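Visitor: Got a structure here, written out as C-alpha cells. Questions coming.
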Protein chains: 2
Amino acid sequence: MRRDDGVQDLIEYLSGEQQRFRAELMDFLRIPSVSSLPEHTKDVASASSWVARRLETAGIGGIEILETGGHPVVTGGWHGAPGNLTVLIYGHFDVQPVDPIEEWSHPPFQPVLEDGRIYARGASDDKGNMLIPILAVEALFAVHQRLPLNVKFFFEGQEEIGSPQLPSFLARERERFACDLVISADGGQWGEDQPSLLVATKGLAASELHVRGPNQDLHSGLYGGAVQNPLHGLVQMLDSLHDANGRILVEGFYDDVVELSEEDRRLMAAVPQDDEEIRRHLGVEALFGEVGFTTLERQWGRPTLELNGISGGFQGEGTKTVIPRSASAKITCRLVADQDPQRINGLIAEHLRRHTPPGVEAELVASESMAHPYRIPPDHWSREVATSVLRQVYDREPYTIRTGGSIPVCSLFKKELGAETLIFAFALPDERFHAPDEFFRLASFEKGQRAWCLLLDELARA
Amino acid sequence: MRRDDGVQDLIEYLSGEQQRFRAELMDFLRIPSVSSLPEHTKDVASASSWVARRLETAGIGGIEILETGGHPVVTGGWHGAPGNLTVLIYGHFDVQPVDPIEEWSHPPFQPVLEDGRIYARGASDDKGNMLIPILAVEALFAVHQRLPLNVKFFFEGQEEIGSPQLPSFLARERERFACDLVISADGGQWGEDQPSLLVATKGLAASELHVRGPNQDLHSGLYGGAVQNPLHGLVQMLDSLHDANGRILVEGFYDDVVELSEEDRRLMAAVPQDDEEIRRHLGVEALFGEVGFTTLERQWGRPTLELNGISGGFQGEGTKTVIPRSASAKITCRLVADQDPQRINGLIAEHLRRHTPPGVEAELVASESMAHPYRIPPDHWSREVATSVLRQVYDREPYTIRTGGSIPVCSLFKKELGAETLIFAFALPDERFHAPDEFFRLASFEKGQRAWCLLLDELARA
C-alpha cells in the first residue's frame with residue numbers, strides 16, 4: 001500500500017461504511033458487559049460472542065472464545081504473510097460499573113449519538129477503541145484482499161477487574177500468541193488535534209504496615225510515660241520513608257531505576273504541561289515532589305511512595321485519653337522500569353524493620369495486587385513507525401508521553417511472549433471513562449481506522 | 001483529744017454504731033444518682049437530700065442544697081472554734097453509669113454485703129468515702145460535743161461528668177466556701193495494709209490537628225510526585241513532636257515544669273513499682289519513655305504528649321491508590337505543675353505551624369476540655385499531719401504518691417479559694433470504680449472513720 005494508490009481506496013471504503021460501523025459500535029455498546037458484577041457474567045460472555053462474530057465479518061479466521069477460568073478471551077488471526085511480521089492486537093470488551101447511575105444523562109447501555117459523540121459506558125474504554133483495528137482489518141481485506149502482515153487478536157473480558165486469570169492463561173498459551181509485537185488498542189491521544197505516543201507506564205507495589213504495642217488500649221493518664229505509643233511508633237516509621245525534599249529514603253529503592261536520559265527529559269519538556277494551572281486547579285499553595293526533577297518528570301519518570309490511608313486509636317468526636325494497642329497504614333509505590341514490586345516491598349519491610357522504635361512490634365504485609373512497570377525501549381523500531389503514522393494522520397509532531405498509572409498487561413506480554421507493546425489508541429482524556437456520561441468522539445473513531453490501516457502497512461515495511 | 005482520753009471513747013462510739021453506719025451507707029447506695037443520664041436527674045437530687053439529712057443527723061448546721069445550674073451542691077458547717085482553722089470537706093454523691101449491666105453479679109443499686117465488702121455502684125467512688133467524714137464528725141460531736149476546728153462541707157453531684165457548673169458556681173460563692181484547707185474525701189490508699197498520700201495530679205490539654213492538601217482526593221498514579229500528600233505532611237508534623245528518646249520537642253513545652261527535686265525522686269523510689277511486672281502484664285518487649293527518668297518518675301512527675309487517634313485516606317480492606325485531600329490526629333498532653341493547658345496548646349500550635357511542610361495547610365484546634373495540674377506544696381503543713389495520722393492508723397510509713405490522672409477540682413479550689421487540697425480517702429485500686437461489681441471494703445470504711453477523727457484533731461493542733 002502506497003499513498004498514491006491503496007490509500008485513497010481505503011479512505012473511500014471507510015467513508016462509505018461509517019454509518020454501518022457506527023451502528024455496529026452502538027450495538028456493541030448495548031451489551032452491559034460489566035466484568036466486576038456477577039450478575040453481568042452472561043453479558044460479558046455475550047460481548048465475547050459479539051466480538052467473535054465481528055472478527056469473522058471482518059475476514060478473520062480461526063476464531064475461538066477461550067476459557068480462562070474467569071471471563072473469556074477472544075482470539076483469531078490471519079497468517080497469509082509468511083516471512084513478514086506477526087502482530088498481536090490487544091483490547092478489552094468488558095466495562096466498568098455504571099454507579100452512580102443517577103448522574104448519567106442517558107441510560108448507560110442505550111447509546112446516544114449527540115454532537116459527534118457517542119455516549120455510553122465503554123464507548124471510549126475500550127469498546128470504541130478495540131473495534132477500530134477490526135474495522136481497519138476489514139477495510140484492508142476489502143481493498144487489498146489481504147493484510148500487509150500476519151495478525152493475531154487478543155481481546156479480553158477482565159481488564160476492568162485487573163485481569164486476574166491472564167497471567168496463568170498466557171503462561172499456558174505462549175505458543176498460540178507468539179508474536180513480534182503487541183499493539184494495544186487500549187489507550188489514547190493527547191488532544192483532538194494533538195497526537196501522542198505513550199512509551200512508559202508505572203508499576204505498583206502495595207503493602208500495609210501494622211504496628212502493635214501493649215496488649216490492650218491503655219489510659220494515657222496511668223500509662224503515659226511508661227510505654228511506647230503505637231501511634232508514635234507508626235508516625236516515626238512512616239516519617240523515615242521520605243526526606244524533607246520528597247526523596248524516598250528506603251535503602252536500595254532507586255537501585256533499579258532507569259535514570260532519565262537527556263533525550264527523555266527533552267521529550268518531556270516538549271509536552272506543554274502548565275504547572276501553575278494544575279496548582280490552581282488543585283487549590284494548593286505549591287506543588288511538591290522529589291527535588292531535582294520537573295513536576296512532569298516526577299509524575300512520569302520517577303517512582304513514588306505514597307501513604308494512602310492511616311488509622312489507629314480514637315476516631316470519634318471529641319477527646320479520648322487512650323494509648324491505643326495498635327495502628328496501621330496503607331502504602332503504595334508507583335514504580336518505573338526496571339523496579340520490581342516484590343523486591344521493593346522487601347526493601348520497605350527491611351527499612352521499616354530497622355526503623356522500628358523500642359516498645360512496639362511492626363509488620364509489613366505485602367499485597368498480592370501488584371503491577372510491573374513497563375517501558376518500550378527508546379530505540380524500539382515500532383516507535384518510529386507509530387510516530388510517523390500519527391504525524392501523517394494529525395499533521396503534527398506527536399508528543400512522547402508516559403503515565404503514572406499502570407497497564408499490567410504490557411509487562412505480562414513482555415514476560416510470557418517476549419514481545420514489546422506499542423500502545424496505539426484514540427481515547428481522549430476528557431471522555432469520562434469510569435465515570436457517568438462516558439463518551440467517544442466519532443472523529444477519533446474514524447481517524448483511528450485510517451491510522452490503523454497506515455500503521456499495519458508501515459509496520460510491514462519497517 | 002489526746003490518745004490517752006478521747007481516742008478510746010471515739011473508737012468505742014464508732015464500733016458501737018457500725019451496724020447503723022453500714023445500713024445507712026446501703027441506703028445511700030440504693031439511690032441511682034447517675035449524673036450523666038437525664039433520666040436520673042431526680043435521683044441525683046434525692047441523693048443531695050439524703051446527704052443534707054445525714055449532715056443534719058451528724059450535728060451540722062446551716063445546711064443548704066445549692067443550685068448550680070446543673071446538679072446541686074450540698075453544704076453546711078460548724079463554726080464553733082473561732083481562732084482555729086477552717087477546713088472544707090469535699091466529696092461527691094453522683095455515680096458513674098452501670099453499663100455493661102449484664103456483667104454485674106448483683107443489681108448495681110441493690111447493695112450486697114459479702115466477705116467484708118459492700119457491692120454497689122458508687123460504693124467506693126465516692127459514696128462510701130464521702131460518708132466517712134460525716135460519720136467522723138458525728139462521733140466527735142457525740143464524744144466531745146464539739147469539733148476541734150471549724151468545718152464546712154462541699155458535696156457535689158456532677159463530678160462524674162466533669163463538674164461543668166463548678167467553675168462559675170465557685171467563682172460566685174468564694175465567700176461562702178472560704179477556708180484554710182480543702183480535704184478531699186475522693187481518693188484512695190495504696191493497699192489494705194499500706195497507706196499513701198497523693199500529692200500531685202496531672203493536668204490535661206487536648207487538641208486536634210487537621211492537615212489539608214488538594215481540594216479533592218487524587219489518583220496516586222496521575223498525581224503522585226506532583227503534590228504533597230496530606231498523610232505525609234501529617235506524619236512529618238507529628239513525628240516532629242518527639243525525639244527518638246521520648247523527649248518532647250515542642251519549643252517551650254518544659255519551661256513551666258517544676259523539676260523533680262532529690263526529695264521527690266527519693267519518695268518515688270521508695271514506692272515498690274515492679275517495672276518488669278508491668279512490662280509482662282502489657283505484653284511489650286520493653287517499657288519506653290523520656291530518657292533520664294525512671295518509669296514511675298515519667299508516669300507521675302513528667303509531662304507527656306500522646307497521640308490518641310490518627311486518621312486519613314482509605315480505611316477499607318485492600319488497596320486504594322488515593323492521595324487523600326486531608327488527614328487528622330487527636331492529641332492530649334498530661335501536664336505537671338506549673339504547666340498551663342492553654343499555653344501548652346498554643347506552643348504546640350506554634351511548633352506545628354513551623355513544621356508544616358510545603359504544599360499542605362494545617363490547623364490545630366484546641367479542645368475546650370482541659371484540666372490544670374495540681375501539686376500540694378512539698379512543705380505544706382497539712383502533709384506532715386496526714387502522714388502522721390496514716391502512720392498511726394496503719395502502723396506503716398505511707399508512700400508519697402502521684403497520679404497521671406486529673407482531679408480538676410483541686411486547681412479550681414486553689415484558684416477560687418486560694419486553698420490547697422489534701423486528699424484523704426480510702427478507696428483501693430482493685431475496687432472496680434467505673435466498672436461492674438464496684439465494691440468498698442468495710443475495713444476501709446471503719447479505718448477511715450478513725451483516721452478522719454484523728455486528722456481533724458491533729459490538724460487543729462498543727
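Here, A, B, ... name the chains of the C-alpha cells in the order displayed, residue numbers run from 1 inside each chain, and ligands are numbered from 1 in the same displayed order.
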Could you give me, as a ChimeraX atom specification, the residues within 12 Å of Thr387 of chain B, counting only C-alpha atoms and dropping anything in the same chain fewer than 3 positions from it?
Guide: /B:189,194-199,380-384,390-401,422-424,451,454-455,458-459
Visitor: Would you mind listing what lies within 9 Å of Glu368 of chain A as a PyMOL selection string, with only C-alpha atoms counted and same-chain residues fewer than 2 positions away left out?
Guide: chain A and resi 205-207+366+370
Visitor: Applying 10 Å and only C-alpha atoms, which residues near Ile278 of chain A remain after dropping the ones on its own chain fewer than 5 positions away? List them as a list in words.
Guide: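 In the requested format, the answer is Gln273, Gly283, Val284, Ala286 and Leu287 of chain A; Tyr223, Ala226 and Val227 of chain B.
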Visitor: Take the residues just selected and output them with N, CA, C and O atoms as an mmCIF file, in the first residue's frame.
Guide:
```cif
data_model
loop_
_atom_site.group_PDB
_atom_site.id
_atom_site.type_symbol
_atom_site.label_atom_id
_atom_site.label_comp_id
_atom_site.auth_asym_id
_atom_site.auth_seq_id
_atom_site.Cartn_x
_atom_site.Cartn_y
_atom_site.Cartn_z
ATOM 1 N N GLN A 273 2.883 20.950 29.751
ATOM 2 C CA GLN A 273 2.100 20.882 30.992
ATOM 3 C C GLN A 273 2.253 22.208 31.731
ATOM 4 O O GLN A 273 3.369 22.680 31.949
ATOM 5 N N GLY A 283 -5.965 23.655 44.083
ATOM 6 C CA GLY A 283 -6.151 24.520 45.243
ATOM 7 C C GLY A 283 -5.061 24.379 46.289
ATOM 8 O O GLY A 283 -5.341 24.489 47.487
ATOM 9 N N VAL A 284 -3.837 24.138 45.865
ATOM 10 C CA VAL A 284 -2.735 24.058 46.834
ATOM 11 C C VAL A 284 -1.818 25.268 46.665
ATOM 12 O O VAL A 284 -1.789 25.901 45.611
ATOM 13 N N ALA A 286 1.449 25.199 46.742
ATOM 14 C CA ALA A 286 2.611 24.858 45.938
ATOM 15 C C ALA A 286 2.528 23.399 45.553
ATOM 16 O O ALA A 286 1.978 22.585 46.301
ATOM 17 N N LEU A 287 3.030 23.072 44.373
ATOM 18 C CA LEU A 287 3.213 21.666 44.034
ATOM 19 C C LEU A 287 4.431 21.172 44.815
ATOM 20 O O LEU A 287 5.203 21.962 45.349
ATOM 21 N N TYR B 223 -1.212 11.817 40.064
ATOM 22 C CA TYR B 223 -0.720 12.978 40.804
ATOM 23 C C TYR B 223 0.423 12.671 41.763
ATOM 24 O O TYR B 223 0.962 13.571 42.386
ATOM 25 N N ALA B 226 3.463 14.982 42.154
ATOM 26 C CA ALA B 226 3.117 16.373 41.829
ATOM 27 C C ALA B 226 2.711 17.166 43.061
ATOM 28 O O ALA B 226 2.923 18.370 43.120
ATOM 29 N N VAL B 227 2.103 16.498 44.041
ATOM 30 C CA VAL B 227 1.585 17.227 45.204
ATOM 31 C C VAL B 227 2.089 16.613 46.510
ATOM 32 O O VAL B 227 2.429 15.437 46.567
#
```
Visitor: Counting only C-alpha atoms, give me one row per residue of chain B with an atom at most 6 Å from an atom of chain A, showing the shortest contact pair and its distance in Å to one decimal, sorted by chain then residue number, as CSV.
Guide:
```
residue,atom,partner,partner_atom,distance
B:Pro214,CA,A:Leu282,CA,5.0
B:Asn215,CA,A:Leu282,CA,5.5
B:Gly221,CA,A:Gly404,CA,4.2
B:Leu222,CA,A:Gly404,CA,5.2
B:Gly225,CA,A:Gly289,CA,4.9
B:Ala226,CA,A:Thr295,CA,5.5
B:Val227,CA,A:Phe288,CA,4.6
B:Gln228,CA,A:Phe288,CA,5.1
B:Val235,CA,A:Val235,CA,5.2
B:Gln236,CA,A:Asp239,CA,5.4
B:Asp239,CA,A:Gln236,CA,5.5
B:Leu282,CA,A:Pro214,CA,5.0
B:Gly283,CA,A:Asn215,CA,5.6
B:Val284,CA,A:Pro214,CA,5.5
B:Glu285,CA,A:Gly359,CA,5.6
B:Ala286,CA,A:Gly359,CA,4.8
B:Leu287,CA,A:Val227,CA,4.9
B:Phe288,CA,A:Val227,CA,4.6
B:Gly289,CA,A:Gly225,CA,4.9
B:Thr295,CA,A:Ala226,CA,5.5
B:Arg298,CA,A:Gly225,CA,5.0
B:Gln299,CA,A:Gly225,CA,5.0
B:Asn308,CA,A:Val322,CA,5.4
B:Gly309,CA,A:Gly313,CA,4.1
B:Ile310,CA,A:Ser311,CA,5.3
B:Ser311,CA,A:Ser311,CA,4.5
B:Gly312,CA,A:Ile310,CA,5.4
B:Gly313,CA,A:Gly309,CA,4.1
B:Phe314,CA,A:Gly309,CA,4.5
B:Gln315,CA,A:Gly309,CA,6.0
B:Val322,CA,A:Asn308,CA,5.3
B:Ile323,CA,A:Asn308,CA,5.8
B:Gly359,CA,A:Ala286,CA,4.8
B:Gly404,CA,A:Gly221,CA,4.2
B:Gly405,CA,A:Gly221,CA,4.5
```
Visitor: Write the selection just made, keeping N, CA, C and O atoms, as a tab-separated table (two decimals), in the first residue's frame?
Guide:
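Listed below is the output, out_38.tsv:
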```
chain	number	residue	atom	x	y	z
B	214	PRO	N	-4.75	18.98	48.58
B	214	PRO	CA	-5.55	19.33	47.41
B	214	PRO	C	-7.03	19.37	47.75
B	214	PRO	O	-7.47	18.80	48.74
B	215	ASN	N	-7.82	20.03	46.89
B	215	ASN	CA	-9.24	20.20	47.16
B	215	ASN	C	-10.07	18.97	46.82
B	215	ASN	O	-11.29	19.00	46.84
B	221	GLY	N	-1.56	7.53	40.82
B	221	GLY	CA	-0.80	7.33	39.59
B	221	GLY	C	-0.68	8.62	38.81
B	221	GLY	O	0.37	8.96	38.29
B	222	LEU	N	-1.77	9.39	38.77
B	222	LEU	CA	-1.74	10.63	37.99
B	222	LEU	C	-1.05	11.76	38.73
B	222	LEU	O	-0.37	12.58	38.13
B	225	GLY	N	3.90	12.44	43.00
B	225	GLY	CA	5.06	13.17	42.52
B	225	GLY	C	4.77	14.63	42.22
B	225	GLY	O	5.68	15.42	42.06
B	226	ALA	N	3.46	14.98	42.15
B	226	ALA	CA	3.12	16.37	41.83
B	226	ALA	C	2.71	17.17	43.06
B	226	ALA	O	2.92	18.37	43.12
B	227	VAL	N	2.10	16.50	44.04
B	227	VAL	CA	1.58	17.23	45.20
B	227	VAL	C	2.09	16.61	46.51
B	227	VAL	O	2.43	15.44	46.57
B	228	GLN	N	2.11	17.44	47.53
B	228	GLN	CA	2.38	16.96	48.88
B	228	GLN	C	1.18	16.14	49.33
B	228	GLN	O	0.05	16.61	49.27
B	235	VAL	N	2.26	12.99	59.06
B	235	VAL	CA	3.26	12.12	59.67
B	235	VAL	C	4.53	12.92	60.01
B	235	VAL	O	5.11	12.77	61.09
B	236	GLN	N	4.91	13.79	59.10
B	236	GLN	CA	6.11	14.60	59.32
B	236	GLN	C	5.91	15.55	60.49
B	236	GLN	O	6.78	15.69	61.35
B	239	ASP	N	5.69	13.54	63.80
B	239	ASP	CA	6.98	12.97	64.19
B	239	ASP	C	7.92	14.04	64.74
B	239	ASP	O	8.87	13.73	65.46
B	282	LEU	N	1.61	-5.97	80.22
B	282	LEU	CA	1.19	-5.27	79.00
B	282	LEU	C	1.62	-6.00	77.73
B	282	LEU	O	1.21	-5.64	76.64
B	283	GLY	N	2.50	-7.00	77.90
B	283	GLY	CA	2.92	-7.78	76.75
B	283	GLY	C	3.80	-7.03	75.77
B	283	GLY	O	3.73	-7.25	74.57
B	284	VAL	N	4.63	-6.13	76.28
B	284	VAL	CA	5.55	-5.41	75.40
B	284	VAL	C	6.98	-5.87	75.64
B	284	VAL	O	7.29	-6.39	76.71
B	285	GLU	N	7.84	-5.68	74.65
B	285	GLU	CA	9.23	-6.10	74.78
B	285	GLU	C	10.01	-5.20	75.71
B	285	GLU	O	10.99	-5.62	76.32
B	286	ALA	N	9.62	-3.94	75.77
B	286	ALA	CA	10.32	-3.00	76.64
B	286	ALA	C	9.37	-1.87	76.98
B	286	ALA	O	8.51	-1.50	76.18
B	287	LEU	N	9.52	-1.34	78.19
B	287	LEU	CA	8.83	-0.09	78.51
B	287	LEU	C	9.59	1.04	77.81
B	287	LEU	O	10.71	0.86	77.36
B	288	PHE	N	8.95	2.18	77.70
B	288	PHE	CA	9.59	3.26	76.94
B	288	PHE	C	9.12	4.61	77.44
B	288	PHE	O	7.96	4.77	77.80
B	289	GLY	N	10.02	5.56	77.49
B	289	GLY	CA	9.65	6.93	77.82
B	289	GLY	C	10.89	7.81	77.84
B	289	GLY	O	12.00	7.36	77.56
B	295	THR	N	10.59	4.86	85.18
B	295	THR	CA	9.23	4.73	84.66
B	295	THR	C	8.24	5.49	85.55
B	295	THR	O	7.39	6.24	85.06
B	298	ARG	N	8.39	9.17	85.23
B	298	ARG	CA	7.73	9.62	83.99
B	298	ARG	C	6.22	9.58	84.13
B	298	ARG	O	5.52	10.49	83.68
B	299	GLN	N	5.71	8.51	84.77
B	299	GLN	CA	4.25	8.38	84.91
B	299	GLN	C	3.69	9.46	85.83
B	299	GLN	O	2.59	9.94	85.63
B	308	ASN	N	-3.71	10.24	70.40
B	308	ASN	CA	-4.77	9.33	70.82
B	308	ASN	C	-5.53	8.73	69.64
B	308	ASN	O	-6.25	7.75	69.79
B	309	GLY	N	-5.37	9.35	68.49
B	309	GLY	CA	-6.05	8.84	67.31
B	309	GLY	C	-5.49	9.51	66.08
B	309	GLY	O	-4.99	10.64	66.15
B	310	ILE	N	-5.53	8.80	64.98
B	310	ILE	CA	-4.98	9.32	63.74
B	310	ILE	C	-5.84	8.77	62.62
B	310	ILE	O	-6.29	7.63	62.69
B	311	SER	N	-6.15	9.59	61.64
B	311	SER	CA	-6.95	9.05	60.54
B	311	SER	C	-6.81	9.89	59.29
B	311	SER	O	-6.52	11.08	59.34
B	312	GLY	N	-7.01	9.22	58.17
B	312	GLY	CA	-6.93	9.89	56.89
B	312	GLY	C	-6.86	8.87	55.77
B	312	GLY	O	-6.28	7.81	55.95
B	313	GLY	N	-7.48	9.21	54.64
B	313	GLY	CA	-7.38	8.35	53.47
B	313	GLY	C	-8.22	7.10	53.57
B	313	GLY	O	-9.21	7.04	54.31
B	314	PHE	N	-7.80	6.09	52.86
B	314	PHE	CA	-8.59	4.87	52.69
B	314	PHE	C	-8.47	3.97	53.92
B	314	PHE	O	-7.38	3.69	54.40
B	315	GLN	N	-9.64	3.55	54.44
B	315	GLN	CA	-9.66	2.76	55.67
B	315	GLN	C	-10.19	1.35	55.44
B	315	GLN	O	-10.23	0.55	56.37
B	322	VAL	N	-5.00	6.18	46.44
B	322	VAL	CA	-5.52	7.53	46.58
B	322	VAL	C	-4.50	8.41	47.32
B	322	VAL	O	-3.79	7.94	48.21
B	323	ILE	N	-4.42	9.66	46.92
B	323	ILE	CA	-3.78	10.69	47.74
B	323	ILE	C	-4.94	11.48	48.35
B	323	ILE	O	-5.63	12.20	47.63
B	359	GLY	N	3.08	22.76	50.59
B	359	GLY	CA	2.05	22.06	49.81
B	359	GLY	C	0.84	21.62	50.61
B	359	GLY	O	-0.11	21.10	50.03
B	404	GLY	N	-1.07	10.10	87.22
B	404	GLY	CA	-1.07	10.70	85.88
B	404	GLY	C	-2.46	11.17	85.48
B	404	GLY	O	-2.63	11.82	84.47
B	405	GLY	N	-3.46	10.81	86.28
B	405	GLY	CA	-4.81	11.27	86.02
B	405	GLY	C	-5.01	12.70	86.50
B	405	GLY	O	-4.12	13.31	87.10
```
Visitor: Using only C-alpha atoms, which residues sit within 7 Å of Phe445 of chain B once same-chain residues fewer than 3 positions away are excluded, as number ranges by chain?
Guide: B: 128, 132, 441-442, 448-449
Visitor: Excluding same-chain residues fewer than 6 positions from Arg172 of chain A, what lies within 12 Å of it counting only C-alpha atoms, as a PyMOL selection string?
Guide: chain A and resi 66-68+165-166+178+416-417
Visitor: Identify which of the residues B:Pro148, B:Pro97, B:Gly122, B:Gly252 lies closest to Gly83 of chain B, counting only C-alpha atoms when measuring atom-to-atom distances.
Guide: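 For Gly83 of chain B, the nearest of the given residues is B:Pro148.
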Visitor: Could you work out how far atom CA of Ser124 of chain A lies from atom CA of Gly188 of chain A, giving the answer in Å with one decimal?
Guide: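 Computed distance, atom CA of Gly188 of chain A to atom CA of Ser124 of chain A, equals 9.1 Å.
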Visitor: Excluding Asp43 of chain B and residues on its chain fewer than 3 positions from it, collect all residues at most 6 Å away from it, counting only C-alpha atoms, and give them as a PyMOL selection string.
Guide: chain B and resi 32-33+40+46
Visitor: Kindly export the residues of the current selection with N, CA and C atoms, as a PDB file, in the first residue's frame.
Guide:
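Result file result.pdb:
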```
ATOM      1  N   PRO B  32     -29.993   5.674  92.731  1.00  0.00           N
ATOM      2  CA  PRO B  32     -29.228   5.575  91.473  1.00  0.00           C
ATOM      3  C   PRO B  32     -28.855   6.958  90.926  1.00  0.00           C
ATOM      4  N   SER B  33     -27.943   7.607  91.599  1.00  0.00           N
ATOM      5  CA  SER B  33     -27.640   9.010  91.287  1.00  0.00           C
ATOM      6  C   SER B  33     -26.603   9.145  90.165  1.00  0.00           C
ATOM      7  N   HIS B  40     -31.931  10.195  85.348  1.00  0.00           N
ATOM      8  CA  HIS B  40     -31.551  10.048  86.761  1.00  0.00           C
ATOM      9  C   HIS B  40     -31.349  11.393  87.462  1.00  0.00           C
ATOM     10  N   SER B  46     -32.341  13.406  94.805  1.00  0.00           N
ATOM     11  CA  SER B  46     -32.650  12.609  96.006  1.00  0.00           C
ATOM     12  C   SER B  46     -31.393  12.361  96.828  1.00  0.00           C
TER      13      SER B  46
END
```
Visitor: Taking the DSSP secondary structure from the backbone, can you list the residues of segment 135-190 of chain A that are alpha helix (DSSP H), as a list in words?
Guide: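 Those in segment 135-190 of chain A that DSSP calls alpha helix (DSSP H) are Leu135, Ala136, Val137, Glu138, Ala139, Leu140, Phe141, Ala142, Val143, His144, Leu166, Pro167, Ser168, Phe169, Leu170, Ala171 and Arg172 of chain A.
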Visitor: Please produce a file of those selected residues containing N, CA, C and O atoms, as a PDB file, in the first residue's frame.
Guide:
```
ATOM      1  N   LEU A 135     -12.156  -2.998  12.272  1.00  0.00           N
ATOM      2  CA  LEU A 135     -12.676  -2.303  11.080  1.00  0.00           C
ATOM      3  C   LEU A 135     -11.554  -2.013  10.087  1.00  0.00           C
ATOM      4  O   LEU A 135     -11.737  -2.128   8.867  1.00  0.00           O
ATOM      5  N   ALA A 136     -10.379  -1.669  10.608  1.00  0.00           N
ATOM      6  CA  ALA A 136      -9.227  -1.415   9.727  1.00  0.00           C
ATOM      7  C   ALA A 136      -8.868  -2.679   8.959  1.00  0.00           C
ATOM      8  O   ALA A 136      -8.602  -2.639   7.748  1.00  0.00           O
ATOM      9  N   VAL A 137      -8.888  -3.807   9.655  1.00  0.00           N
ATOM     10  CA  VAL A 137      -8.581  -5.088   9.005  1.00  0.00           C
ATOM     11  C   VAL A 137      -9.637  -5.404   7.928  1.00  0.00           C
ATOM     12  O   VAL A 137      -9.310  -5.824   6.819  1.00  0.00           O
ATOM     13  N   GLU A 138     -10.907  -5.158   8.262  1.00  0.00           N
ATOM     14  CA  GLU A 138     -11.961  -5.382   7.259  1.00  0.00           C
ATOM     15  C   GLU A 138     -11.706  -4.541   6.003  1.00  0.00           C
ATOM     16  O   GLU A 138     -11.814  -5.031   4.878  1.00  0.00           O
ATOM     17  N   ALA A 139     -11.340  -3.275   6.218  1.00  0.00           N
ATOM     18  CA  ALA A 139     -11.083  -2.382   5.076  1.00  0.00           C
ATOM     19  C   ALA A 139      -9.897  -2.883   4.253  1.00  0.00           C
ATOM     20  O   ALA A 139      -9.943  -2.879   3.008  1.00  0.00           O
ATOM     21  N   LEU A 140      -8.844  -3.313   4.922  1.00  0.00           N
ATOM     22  CA  LEU A 140      -7.660  -3.812   4.207  1.00  0.00           C
ATOM     23  C   LEU A 140      -8.013  -5.042   3.370  1.00  0.00           C
ATOM     24  O   LEU A 140      -7.602  -5.161   2.219  1.00  0.00           O
ATOM     25  N   PHE A 141      -8.785  -5.951   4.001  1.00  0.00           N
ATOM     26  CA  PHE A 141      -9.229  -7.122   3.229  1.00  0.00           C
ATOM     27  C   PHE A 141     -10.082  -6.680   2.031  1.00  0.00           C
ATOM     28  O   PHE A 141      -9.929  -7.190   0.922  1.00  0.00           O
ATOM     29  N   ALA A 142     -10.960  -5.740   2.251  1.00  0.00           N
ATOM     30  CA  ALA A 142     -11.896  -5.335   1.202  1.00  0.00           C
ATOM     31  C   ALA A 142     -11.166  -4.713   0.017  1.00  0.00           C
ATOM     32  O   ALA A 142     -11.478  -4.994  -1.144  1.00  0.00           O
ATOM     33  N   VAL A 143     -10.153  -3.873   0.334  1.00  0.00           N
ATOM     34  CA  VAL A 143      -9.462  -3.155  -0.734  1.00  0.00           C
ATOM     35  C   VAL A 143      -8.344  -3.996  -1.349  1.00  0.00           C
ATOM     36  O   VAL A 143      -8.137  -3.987  -2.558  1.00  0.00           O
ATOM     37  N   HIS A 144      -7.599  -4.753  -0.490  1.00  0.00           N
ATOM     38  CA  HIS A 144      -6.411  -5.473  -0.991  1.00  0.00           C
ATOM     39  C   HIS A 144      -6.564  -6.983  -0.965  1.00  0.00           C
ATOM     40  O   HIS A 144      -5.626  -7.694  -1.334  1.00  0.00           O
ATOM     41  N   LEU A 166      -5.341 -13.758  33.582  1.00  0.00           N
ATOM     42  CA  LEU A 166      -4.448 -13.652  32.420  1.00  0.00           C
ATOM     43  C   LEU A 166      -3.045 -14.197  32.648  1.00  0.00           C
ATOM     44  O   LEU A 166      -2.493 -14.840  31.758  1.00  0.00           O
ATOM     45  N   PRO A 167      -2.419 -13.951  33.806  1.00  0.00           N
ATOM     46  CA  PRO A 167      -1.049 -14.452  33.959  1.00  0.00           C
ATOM     47  C   PRO A 167      -0.951 -15.961  33.733  1.00  0.00           C
ATOM     48  O   PRO A 167      -0.122 -16.425  32.940  1.00  0.00           O
ATOM     49  N   SER A 168      -1.813 -16.757  34.386  1.00  0.00           N
ATOM     50  CA  SER A 168      -1.712 -18.207  34.202  1.00  0.00           C
ATOM     51  C   SER A 168      -2.183 -18.609  32.798  1.00  0.00           C
ATOM     52  O   SER A 168      -1.624 -19.514  32.174  1.00  0.00           O
ATOM     53  N   PHE A 169      -3.197 -17.909  32.291  1.00  0.00           N
ATOM     54  CA  PHE A 169      -3.701 -18.196  30.943  1.00  0.00           C
ATOM     55  C   PHE A 169      -2.603 -17.980  29.900  1.00  0.00           C
ATOM     56  O   PHE A 169      -2.339 -18.840  29.053  1.00  0.00           O
ATOM     57  N   LEU A 170      -1.938 -16.837  29.978  1.00  0.00           N
ATOM     58  CA  LEU A 170      -0.895 -16.527  28.988  1.00  0.00           C
ATOM     59  C   LEU A 170       0.302 -17.464  29.125  1.00  0.00           C
ATOM     60  O   LEU A 170       0.917 -17.841  28.127  1.00  0.00           O
ATOM     61  N   ALA A 171       0.597 -17.844  30.364  1.00  0.00           N
ATOM     62  CA  ALA A 171       1.716 -18.770  30.568  1.00  0.00           C
ATOM     63  C   ALA A 171       1.431 -20.099  29.866  1.00  0.00           C
ATOM     64  O   ALA A 171       2.337 -20.737  29.325  1.00  0.00           O
ATOM     65  N   ARG A 172       0.135 -20.513  29.861  1.00  0.00           N
ATOM     66  CA  ARG A 172      -0.253 -21.770  29.190  1.00  0.00           C
ATOM     67  C   ARG A 172      -0.323 -21.614  27.671  1.00  0.00           C
ATOM     68  O   ARG A 172      -0.211 -22.586  26.938  1.00  0.00           O
TER      69      ARG A 172
END
```
Visitor: Fewer than 6 positions away in the same chain doesn't count, so skip those; otherwise give me all residues within 7 Å of segment 108-115 of chain A, counting only C-alpha atoms, as an MDAnalysis selection string.
Guide: chainID A and resid 26 29:32 98 121
